[in-house]
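**Student:** mmCIF, C-alpha atoms, saved as input-v5.cif, coming up:
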```
data_coords
loop_
_atom_site.label_atom_id
_atom_site.label_comp_id
_atom_site.auth_asym_id
_atom_site.auth_seq_id
_atom_site.Cartn_x
_atom_site.Cartn_y
_atom_site.Cartn_z
CA LYS A 245 81.83 -114.84 26.28
CA GLU A 246 78.16 -114.66 25.38
CA ILE A 247 76.61 -117.97 24.36
CA VAL A 248 74.63 -117.67 21.14
CA PHE A 249 73.02 -120.82 19.80
CA CYS A 250 69.73 -122.57 19.01
CA LEU A 251 69.66 -125.45 21.51
CA LYS A 252 66.58 -125.68 23.71
CA ASP A 253 66.86 -126.25 27.47
CA GLU A 254 65.70 -129.85 27.16
CA GLU A 255 68.31 -130.48 24.46
CA LEU A 256 71.00 -129.03 26.71
CA ASP A 257 69.87 -131.45 29.44
CA GLN A 258 70.01 -134.35 26.99
CA LEU A 259 73.52 -133.37 25.89
CA GLU A 260 74.62 -133.16 29.53
CA THR A 261 73.22 -136.64 30.15
CA LEU A 262 75.03 -138.01 27.09
CA LEU A 263 78.33 -136.53 28.27
CA PHE A 264 77.79 -137.97 31.75
CA LEU A 265 77.01 -141.48 30.46
CA GLU A 266 79.99 -141.65 28.11
CA ARG A 267 82.34 -140.73 30.95
CA GLY A 268 80.92 -143.31 33.33
CA THR A 269 78.38 -146.05 32.66
CA TYR A 270 79.26 -146.47 28.98
CA LYS A 271 82.94 -145.59 29.11
CA ARG A 272 84.90 -147.82 26.74
CA ILE A 273 88.55 -148.75 26.84
CA ASP A 274 90.85 -150.02 24.13
CA TYR A 275 90.70 -153.70 25.07
CA LEU A 276 93.42 -154.51 22.52
CA GLU A 277 95.80 -152.35 24.53
CA LYS A 278 94.57 -154.05 27.70
CA GLN A 279 95.36 -157.46 26.23
CA LYS A 280 98.79 -156.21 25.22
CA ASN A 281 99.46 -155.22 28.83
CA GLU A 282 98.28 -158.66 29.98
CA LEU A 283 100.81 -160.25 27.64
CA LEU A 284 103.52 -158.06 29.15
CA SER A 285 102.52 -159.11 32.66
CA ASN A 286 102.91 -162.76 31.65
CA CYS A 287 106.55 -162.30 30.73
CA ASN A 288 109.20 -164.05 32.75
CA PRO A 289 110.04 -161.82 35.75
CA SER A 290 113.74 -162.34 35.04
CA ASP A 291 113.37 -160.87 31.55
CA THR A 292 114.97 -157.52 30.96
CA GLU A 293 112.73 -154.61 30.00
CA SER A 294 113.96 -154.83 26.40
CA ASN A 295 113.05 -158.53 26.24
CA LYS A 296 109.58 -157.77 27.60
CA LEU A 297 109.04 -155.16 24.92
CA LYS A 298 110.33 -157.54 22.28
CA HIS A 299 107.94 -160.21 23.58
CA ALA A 300 105.02 -157.77 23.44
CA ASP A 301 105.92 -156.63 19.94
CA SER A 302 106.14 -160.16 18.56
CA LEU A 303 102.93 -161.45 20.14
CA THR A 304 100.75 -158.36 20.25
CA GLY A 305 101.88 -156.99 16.93
CA ARG A 306 101.00 -160.15 15.02
CA ARG A 307 98.28 -161.66 17.14
CA TRP A 308 96.24 -158.62 18.19
CA LYS A 309 97.20 -155.46 16.33
CA LYS A 310 96.90 -157.21 12.99
CA SER A 311 94.57 -160.17 13.11
CA ARG A 312 92.20 -158.80 15.77
CA GLN A 313 92.07 -155.35 14.27
CA MET A 314 91.45 -156.75 10.80
CA TRP A 315 88.57 -159.05 11.78
CA ARG A 316 87.00 -156.19 13.71
CA LYS A 317 87.19 -153.91 10.67
CA LYS A 318 85.88 -156.61 8.35
CA ILE A 319 82.87 -157.42 10.52
CA CYS A 320 82.10 -153.71 10.85
CA MET A 321 82.20 -153.15 7.09
CA TRP A 322 80.11 -156.27 6.55
CA PHE A 323 77.54 -154.90 9.01
CA TYR A 324 77.12 -151.85 6.78
CA TYR A 325 76.48 -154.13 3.80
CA VAL A 326 73.81 -155.97 5.77
CA ILE A 327 72.18 -152.80 7.11
CA ASP A 328 72.07 -151.23 3.66
CA GLY A 329 70.69 -154.42 2.18
CA PHE A 330 67.75 -154.30 4.57
CA HIS A 331 67.41 -150.48 4.35
CA LEU A 332 67.95 -150.05 8.10
CA ASP A 333 69.42 -147.21 10.16
CA ARG A 334 73.21 -147.19 9.85
CA GLU A 335 73.56 -146.01 13.46
CA ALA A 336 72.79 -149.62 14.43
CA VAL A 337 76.31 -150.56 13.32
CA TRP A 338 77.91 -148.25 15.89
CA VAL A 339 75.67 -149.67 18.62
CA ALA A 340 76.44 -153.25 17.55
CA MET A 341 80.19 -152.56 17.60
CA SER A 342 79.79 -151.04 21.07
CA PHE A 343 78.19 -154.30 22.22
CA ILE A 344 80.98 -156.36 20.66
CA ASP A 345 83.80 -154.23 22.07
CA ARG A 346 82.39 -154.15 25.59
CA TYR A 347 81.53 -157.87 25.50
CA ILE A 348 85.05 -158.83 24.40
CA GLU A 349 86.54 -156.58 27.06
CA ILE A 350 84.66 -158.53 29.76
CA LYS A 351 84.16 -162.05 28.44
CA GLN A 352 86.46 -164.88 27.47
CA PHE A 353 85.13 -167.05 24.64
CA GLU A 354 86.23 -169.45 21.93
CA SER A 355 87.05 -167.88 18.57
CA THR A 356 84.42 -170.09 16.93
CA LYS A 357 81.77 -168.12 18.84
CA PHE A 358 82.72 -164.77 17.38
CA LYS A 359 80.43 -164.93 14.35
CA LEU A 360 77.48 -165.70 16.61
CA ILE A 361 78.42 -162.85 19.00
CA ALA A 362 78.77 -160.41 16.11
CA LEU A 363 75.52 -161.28 14.35
CA THR A 364 73.57 -161.34 17.60
CA SER A 365 74.97 -157.92 18.52
CA LEU A 366 73.66 -156.56 15.22
CA PHE A 367 70.33 -158.32 15.78
CA LEU A 368 69.99 -156.63 19.17
CA ALA A 369 71.19 -153.22 17.95
CA VAL A 370 68.65 -153.08 15.13
CA LYS A 371 65.81 -153.82 17.55
CA LEU A 372 66.95 -150.99 19.83
CA ILE A 373 67.61 -148.36 17.17
CA ASP A 374 64.33 -148.89 15.33
CA PRO A 375 61.80 -151.16 17.06
CA SER A 376 59.55 -151.00 14.01
CA GLU A 377 62.22 -152.76 11.96
CA THR A 378 64.12 -155.95 12.69
CA ILE A 379 66.29 -158.68 11.27
CA PHE A 380 64.71 -162.04 11.97
CA ALA A 381 66.76 -164.70 13.72
CA GLU A 382 66.16 -167.01 10.73
CA THR A 383 67.84 -164.39 8.53
CA LEU A 384 70.90 -164.40 10.77
CA VAL A 385 71.08 -168.17 10.51
CA ALA A 386 71.03 -167.85 6.72
CA LEU A 387 73.72 -165.14 6.82
CA SER A 388 75.90 -167.44 8.93
CA ASN A 389 75.71 -170.15 6.26
CA GLY A 390 74.20 -172.50 8.81
CA SER A 391 76.94 -172.05 11.42
CA PHE A 392 74.27 -171.92 14.13
CA GLN A 393 70.52 -172.14 14.70
CA LYS A 394 68.03 -169.47 15.74
CA GLU A 395 67.93 -170.91 19.27
CA ASN A 396 71.63 -170.09 19.51
CA VAL A 397 70.85 -166.47 18.60
CA PHE A 398 68.34 -166.13 21.43
CA GLU A 399 70.72 -167.79 23.89
CA MET A 400 73.57 -165.47 22.88
CA GLU A 401 71.27 -162.44 23.05
CA LEU A 402 70.57 -163.20 26.71
CA ASN A 403 74.27 -163.86 27.30
CA ILE A 404 75.20 -160.46 25.85
CA LEU A 405 72.50 -158.67 27.84
CA GLN A 406 73.62 -160.27 31.08
CA THR A 407 77.33 -159.70 30.38
CA LEU A 408 76.69 -156.02 29.63
CA GLN A 409 74.39 -155.84 32.68
CA TRP A 410 71.58 -154.66 30.40
CA LEU A 411 73.47 -151.46 29.58
CA ILE A 412 72.35 -151.45 25.97
CA HIS A 413 71.62 -147.81 25.21
CA PRO A 414 75.11 -146.36 24.65
CA PRO A 415 75.54 -142.71 23.68
CA THR A 416 76.47 -142.54 20.00
CA PRO A 417 78.47 -140.01 17.97
CA ALA A 418 75.50 -139.61 15.63
CA THR A 419 73.33 -138.50 18.55
CA ALA A 420 75.97 -136.12 19.90
CA MET A 421 76.45 -134.67 16.43
CA TYR A 422 72.93 -133.22 16.29
CA TYR A 423 73.44 -131.41 19.60
CA PHE A 424 76.59 -129.70 18.34
CA TYR A 425 75.30 -128.23 15.07
CA PRO A 426 72.98 -125.68 16.72
CA LEU A 427 75.94 -124.37 18.72
CA PHE A 428 76.99 -122.68 15.48
CA PRO A 429 75.31 -119.25 15.36
CA LYS A 430 72.83 -118.90 12.49
CA TRP A 431 72.85 -122.67 11.88
CA ASP A 432 69.11 -122.55 11.24
CA ASN A 433 69.73 -119.97 8.52
CA PHE A 434 72.07 -122.21 6.55
CA SER A 435 70.79 -123.30 3.15
CA GLU A 436 69.56 -126.88 2.99
CA PRO A 437 72.28 -127.91 0.48
CA LEU A 438 74.99 -126.56 2.81
CA LYS A 439 73.44 -128.24 5.87
CA ASN A 440 73.17 -131.51 3.99
CA GLN A 441 76.78 -131.29 2.83
CA ILE A 442 78.02 -130.78 6.40
CA ILE A 443 75.76 -133.43 7.95
CA GLN A 444 76.54 -136.10 5.34
CA LEU A 445 80.29 -135.62 5.67
CA SER A 446 80.06 -135.70 9.47
CA LYS A 447 78.05 -138.93 9.37
CA TYR A 448 80.53 -140.46 6.93
CA LEU A 449 83.45 -139.60 9.20
CA ILE A 450 81.64 -141.14 12.17
CA GLU A 451 81.08 -144.32 10.17
CA LEU A 452 84.76 -144.42 9.29
CA SER A 453 85.64 -144.15 12.97
CA THR A 454 83.26 -147.01 13.79
CA CYS A 455 85.32 -149.47 11.78
CA HIS A 456 88.77 -148.42 12.96
CA HIS A 457 90.12 -149.79 16.22
CA GLN A 458 91.99 -146.66 17.32
CA PHE A 459 88.67 -145.00 18.17
CA ILE A 460 87.43 -147.77 20.50
CA GLY A 461 88.42 -145.86 23.62
CA GLU A 462 87.41 -142.42 22.38
CA ARG A 463 84.32 -140.68 23.67
CA PRO A 464 81.39 -140.47 21.21
CA SER A 465 81.15 -136.71 21.77
CA THR A 466 84.80 -136.25 20.82
CA ILE A 467 84.35 -138.29 17.64
CA ALA A 468 81.23 -136.28 16.77
CA PHE A 469 82.88 -132.93 17.50
CA SER A 470 85.99 -133.83 15.51
CA SER A 471 83.83 -134.95 12.58
CA ILE A 472 82.01 -131.62 12.65
CA LEU A 473 85.27 -129.65 12.79
CA ILE A 474 86.43 -131.41 9.63
CA SER A 475 83.05 -130.87 7.96
CA PHE A 476 83.01 -127.16 8.83
CA ASP A 477 86.56 -126.84 7.54
CA SER A 478 85.55 -128.59 4.31
CA ALA A 479 82.74 -126.02 3.93
CA LYS A 480 85.29 -123.26 4.64
CA LEU A 481 83.15 -121.80 7.42
CA SER A 482 86.18 -120.51 9.33
CA GLN A 483 86.95 -118.34 6.30
CA THR A 484 83.46 -117.29 5.20
CA MET A 485 82.01 -116.92 8.72
CA PRO A 486 85.04 -116.43 11.02
CA THR A 487 83.15 -114.67 13.82
CA GLU A 488 80.41 -117.31 13.96
CA HIS A 489 82.98 -120.13 13.71
CA ALA A 490 84.93 -118.71 16.65
CA GLN A 491 81.67 -118.38 18.59
CA PHE A 492 80.85 -122.03 17.84
CA LEU A 493 84.17 -123.15 19.31
CA GLN A 494 83.54 -121.05 22.42
CA ASN A 495 79.97 -122.35 22.73
CA ALA A 496 81.27 -125.92 22.65
CA ILE A 497 83.64 -125.16 25.50
CA ASN A 498 80.94 -123.44 27.56
CA VAL A 499 78.24 -126.04 26.98
CA SER A 500 80.12 -129.35 26.76
CA HIS A 501 83.66 -128.53 28.03
CA ILE A 502 84.99 -129.89 24.74
CA ASN A 503 87.94 -127.76 23.64
CA HIS A 504 89.13 -127.86 20.04
CA LEU A 505 92.67 -127.20 21.32
CA SER A 506 92.71 -130.19 23.70
CA HIS A 507 95.09 -133.05 22.97
CA GLU A 508 92.12 -135.42 22.73
CA VAL A 509 90.28 -133.45 20.05
CA ILE A 510 93.46 -132.67 18.10
CA ARG A 511 94.45 -136.37 18.12
CA VAL A 512 91.03 -137.67 17.07
CA THR A 513 90.61 -134.98 14.40
CA SER A 514 94.03 -135.76 12.96
CA GLU A 515 93.40 -139.52 12.88
CA LEU A 516 89.95 -139.06 11.34
CA LEU A 517 91.29 -136.70 8.70
CA GLY A 518 94.01 -139.18 7.78
CA ILE A 519 91.54 -142.04 7.39
CA TYR A 520 89.18 -139.80 5.41
CA ARG A 521 91.90 -138.86 2.93
CA ILE A 522 92.76 -142.52 2.39
CA SER A 523 89.09 -143.37 1.84
CA GLU A 524 88.77 -140.56 -0.72
CA GLN A 525 91.70 -141.99 -2.64
CA ARG A 526 89.89 -145.33 -2.72
CA SER A 527 86.69 -144.02 -4.31
CA GLY A 528 85.29 -142.47 -1.10
CA ASN A 529 83.43 -145.66 -0.16
CA ILE A 530 83.37 -146.66 3.51
CA LEU A 531 83.79 -150.25 2.37
CA CYS A 532 87.04 -149.41 0.59
CA THR A 533 89.07 -148.23 3.57
CA ALA A 534 90.80 -151.47 4.58
#
```
Produce structure tokens that represent the structure in this file.
**Tutor:**
Amino acid sequence: KEIVFCLKDEELDQLETLLFLERGTYKRIDYLEKQKNELLSNCNPSDTESNKLKHADSLTGRRWKKSRQMWRKKICMWFYYVIDGFHLDREAVWVAMSFIDRYIEIKQFESTKFKLIALTSLFLAVKLIDPSETIFAETLVALSNGSFQKENVFEMELNILQTLQWLIHPPTPATAMYYFYPLFPKWDNFSEPLKNQIIQLSKYLIELSTCHHQFIGERPSTIAFSSILISFDSAKLSQTMPTEHAQFLQNAINVSHINHLSHEVIRVTSELLGIYRISEQRSGNILCTA
């Protein structure tokens, strides 16, 4: 089918680069699932398969799927409080959580170090997202209630950089999102209120995904695309502009190979929609989704 959209050639190249990086260099895995499998491998070889599963359920269910998932969500929500308090770019939270997730996947550390790892990840993310703004190391020390000193922040920053092999510019859903909008024919002709409605809901859905563990292993482009699908549906574009909506879906396939009928997109869209509905019941605040 004919491709009708507003993306420039250089933007198409940038989107292609983003898709390449998320599949390779910056590919993330669900490290909680990885740790579950490690627990299974540590079972007694003489155990029956049912005993292995029981062992995994008892340990992983309590130790990882609850406690680990909860502290990850809490630190993510707290990051948004901090970012908003300093009037910084909220995209820094996604980048910081990417650092944390990839660091934990690679590195073994004592639980007492987690607060330092988390705050330093945010410190580094803010500097990368907006070099003109920053959170001073002294501020992090104050936020930690004196749990560490600023020298510890600088030491951990180097540790994180080395552990991640200086791969500190991950593709983000927020970036991917802005490449997908122009794939909708006549996007530039949308009224500003309608554009703002769609963009704000998409950003909100991306922020919800940032704090929930089930999206750790999902590609940023998939999260972005799923967020946009929900936002377009909320604006009833498939009903009011069915031809253009169908063209958008085809454009996405042609340009990014992302298919709205794929299991990946259907799964992520369904999970995002479920979390969104819960958040709406709890006042619609990202910090009220626990």
**Student:** Enter the distance from CA of Asp333 in chain A to CA of Lys317 in chain A, in Å, rounded to one decimal.
**Tutor:** 19.0 Å
**Student:** Would you please work out which residue, of A:Arg312, A:Lys357, A:Lys371, A:His456, is nearest to Tyr520 in chain A when using only C-alpha atoms?
**Tutor:**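 Result for the nearest residue to Tyr520 in chain A: A:His456.
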**Student:** Between CA of Phe264 in chain A and CA of Val499 in chain A, what is the distance, to one decimal in Å?
**Tutor:**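 Answer for the CA of Phe264 in chain A to CA of Val499 in chain A separation: 12.9 Å.
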**Student:** Spell out the residues picked by the PyMOL selection byres ((chain A and resi 475) around 9) here, as number ranges by chain.
**Tutor:** A: 441-446, 449, 470-474, 476-480
**Student:** Between CA of Trp322 in chain A and CA of Ile519 in chain A, what is the distance, to one decimal in Å?
**Tutor:** 18.3 Å
**Student:** Choose the residue, out of A:Phe367, A:Thr466, A:Ala420, A:Pro414, that has the smallest atom-to-atom separation from Lys394 in chain A; count all atoms listed in the file.
**Tutor:**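 That would be A:Phe367, the residue with the smallest distance to Lys394 in chain A.
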**Student:** Name all residues at most 9 Å from range 500-517 of chain A (count only C-alpha atoms; drop same-chain ones fewer than 4 positions away) and give them as a PyMOL selection string.
**Tutor:** chain A and resi 259-260+263+449-450+452-453+458-459+462+465-467+469-471+473-474+493-496+521-522
**Student:** Quick one: of A:Gln313, A:Ser376, A:Asn498, A:Ser342, who's nearest to Phe424 in chain A, counting only C-alpha atoms?
**Tutor:**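 The closest residue to Phe424 in chain A is A:Asn498.
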**Student:** Using all atoms listed in the file, which residue out of A:Thr356, A:Thr378, A:Gln258, A:Thr269 lies closest to Ser391 in chain A?
**Tutor:**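 When distances to Ser391 in chain A are compared using all atoms listed in the file, the smallest one comes from A:Thr356.
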**Student:** As a PyMOL selection string, please: the residues near Pro429 in chain A (cut-off 12 Å, all atoms listed in the file, same-chain neighbours under 4 positions excluded).
**Tutor:** chain A and resi 246-251+424-425+433-434+481+485-496
**Student:** How would the residues just chosen look if you wrote them out with C-alpha atoms as an mmCIF file, in the coordinates of the input?
**Tutor:**
```
data_model
loop_
_atom_site.group_PDB
_atom_site.id
_atom_site.type_symbol
_atom_site.label_atom_id
_atom_site.label_comp_id
_atom_site.auth_asym_id
_atom_site.auth_seq_id
_atom_site.Cartn_x
_atom_site.Cartn_y
_atom_site.Cartn_z
ATOM 1 C CA GLU A 246 78.160 -114.660 25.380
ATOM 2 C CA ILE A 247 76.610 -117.970 24.360
ATOM 3 C CA VAL A 248 74.630 -117.670 21.140
ATOM 4 C CA PHE A 249 73.020 -120.820 19.800
ATOM 5 C CA CYS A 250 69.730 -122.570 19.010
ATOM 6 C CA LEU A 251 69.660 -125.450 21.510
ATOM 7 C CA PHE A 424 76.590 -129.700 18.340
ATOM 8 C CA TYR A 425 75.300 -128.230 15.070
ATOM 9 C CA ASN A 433 69.730 -119.970 8.520
ATOM 10 C CA PHE A 434 72.070 -122.210 6.550
ATOM 11 C CA LEU A 481 83.150 -121.800 7.420
ATOM 12 C CA MET A 485 82.010 -116.920 8.720
ATOM 13 C CA PRO A 486 85.040 -116.430 11.020
ATOM 14 C CA THR A 487 83.150 -114.670 13.820
ATOM 15 C CA GLU A 488 80.410 -117.310 13.960
ATOM 16 C CA HIS A 489 82.980 -120.130 13.710
ATOM 17 C CA ALA A 490 84.930 -118.710 16.650
ATOM 18 C CA GLN A 491 81.670 -118.380 18.590
ATOM 19 C CA PHE A 492 80.850 -122.030 17.840
ATOM 20 C CA LEU A 493 84.170 -123.150 19.310
ATOM 21 C CA GLN A 494 83.540 -121.050 22.420
ATOM 22 C CA ASN A 495 79.970 -122.350 22.730
ATOM 23 C CA ALA A 496 81.270 -125.920 22.650
#
```
**Student:** Out of A:Glu349, A:Asp253, A:Thr261, A:Asp328, which residue has the shortest atom-to-atom distance to Gly461 in chain A when counting only C-alpha atoms?
**Tutor:**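 Smallest distance to Gly461 in chain A is found for A:Glu349.
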**Student:** The PyMOL selection byres ((chain A and resi 401) around 10) - which residues does that actually catch in the file I just gave you? List them as a ChimeraX atom specification.
**Tutor:** /A:360-361,363-365,367-368,395-400,402-407
**Student:** Could you please take those selected residues and save C-alpha atoms as a PDB file, in the coordinates of the input?
**Tutor:**
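selection09.pdb written:
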```pdb
ATOM      1  CA  LEU A 360      77.480-165.700  16.610  1.00  0.00           C
ATOM      2  CA  ILE A 361      78.420-162.850  19.000  1.00  0.00           C
ATOM      3  CA  LEU A 363      75.520-161.280  14.350  1.00  0.00           C
ATOM      4  CA  THR A 364      73.570-161.340  17.600  1.00  0.00           C
ATOM      5  CA  SER A 365      74.970-157.920  18.520  1.00  0.00           C
ATOM      6  CA  PHE A 367      70.330-158.320  15.780  1.00  0.00           C
ATOM      7  CA  LEU A 368      69.990-156.630  19.170  1.00  0.00           C
ATOM      8  CA  GLU A 395      67.930-170.910  19.270  1.00  0.00           C
ATOM      9  CA  ASN A 396      71.630-170.090  19.510  1.00  0.00           C
ATOM     10  CA  VAL A 397      70.850-166.470  18.600  1.00  0.00           C
ATOM     11  CA  PHE A 398      68.340-166.130  21.430  1.00  0.00           C
ATOM     12  CA  GLU A 399      70.720-167.790  23.890  1.00  0.00           C
ATOM     13  CA  MET A 400      73.570-165.470  22.880  1.00  0.00           C
ATOM     14  CA  LEU A 402      70.570-163.200  26.710  1.00  0.00           C
ATOM     15  CA  ASN A 403      74.270-163.860  27.300  1.00  0.00           C
ATOM     16  CA  ILE A 404      75.200-160.460  25.850  1.00  0.00           C
ATOM     17  CA  LEU A 405      72.500-158.670  27.840  1.00  0.00           C
ATOM     18  CA  GLN A 406      73.620-160.270  31.080  1.00  0.00           C
ATOM     19  CA  THR A 407      77.330-159.700  30.380  1.00  0.00           C
TER      20      THR A 407
END
```
**Student:** Restricting the calculation to all atoms listed in the file, which member of A:Pro415, A:Phe428, A:Leu438, A:Cys455 is positioned closest to Gly268 in chain A?
**Tutor:**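 The answer is A:Pro415, which sits nearest to Gly268 in chain A.
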**Student:** Could you pull the residues within 10 Å of Ile373 in chain A, counting all atoms listed in the file, minus those fewer than 3 positions along the same chain, as a list in words?
**Tutor:**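 Near neighbours after the sequence-gap exclusion: Leu332, Asp333, Arg334, Glu335, Ala336, Val337, Val339, Leu368, Ala369, Val370, Ser376, Glu377, Thr378 and His413 of chain A.
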**Student:** Can you sort out the box for range 492-499 of chain A, edges along x, y and z, all listed atoms in, 6 Å on every side, with centre and edge lengths in Å to one decimal, as lines of an AutoDock Vina configuration file?
**Tutor:**
```
center_x = 81.2
center_y = -123.5
center_z = 22.7
size_x = 17.9
size_y = 17.0
size_z = 21.7
```
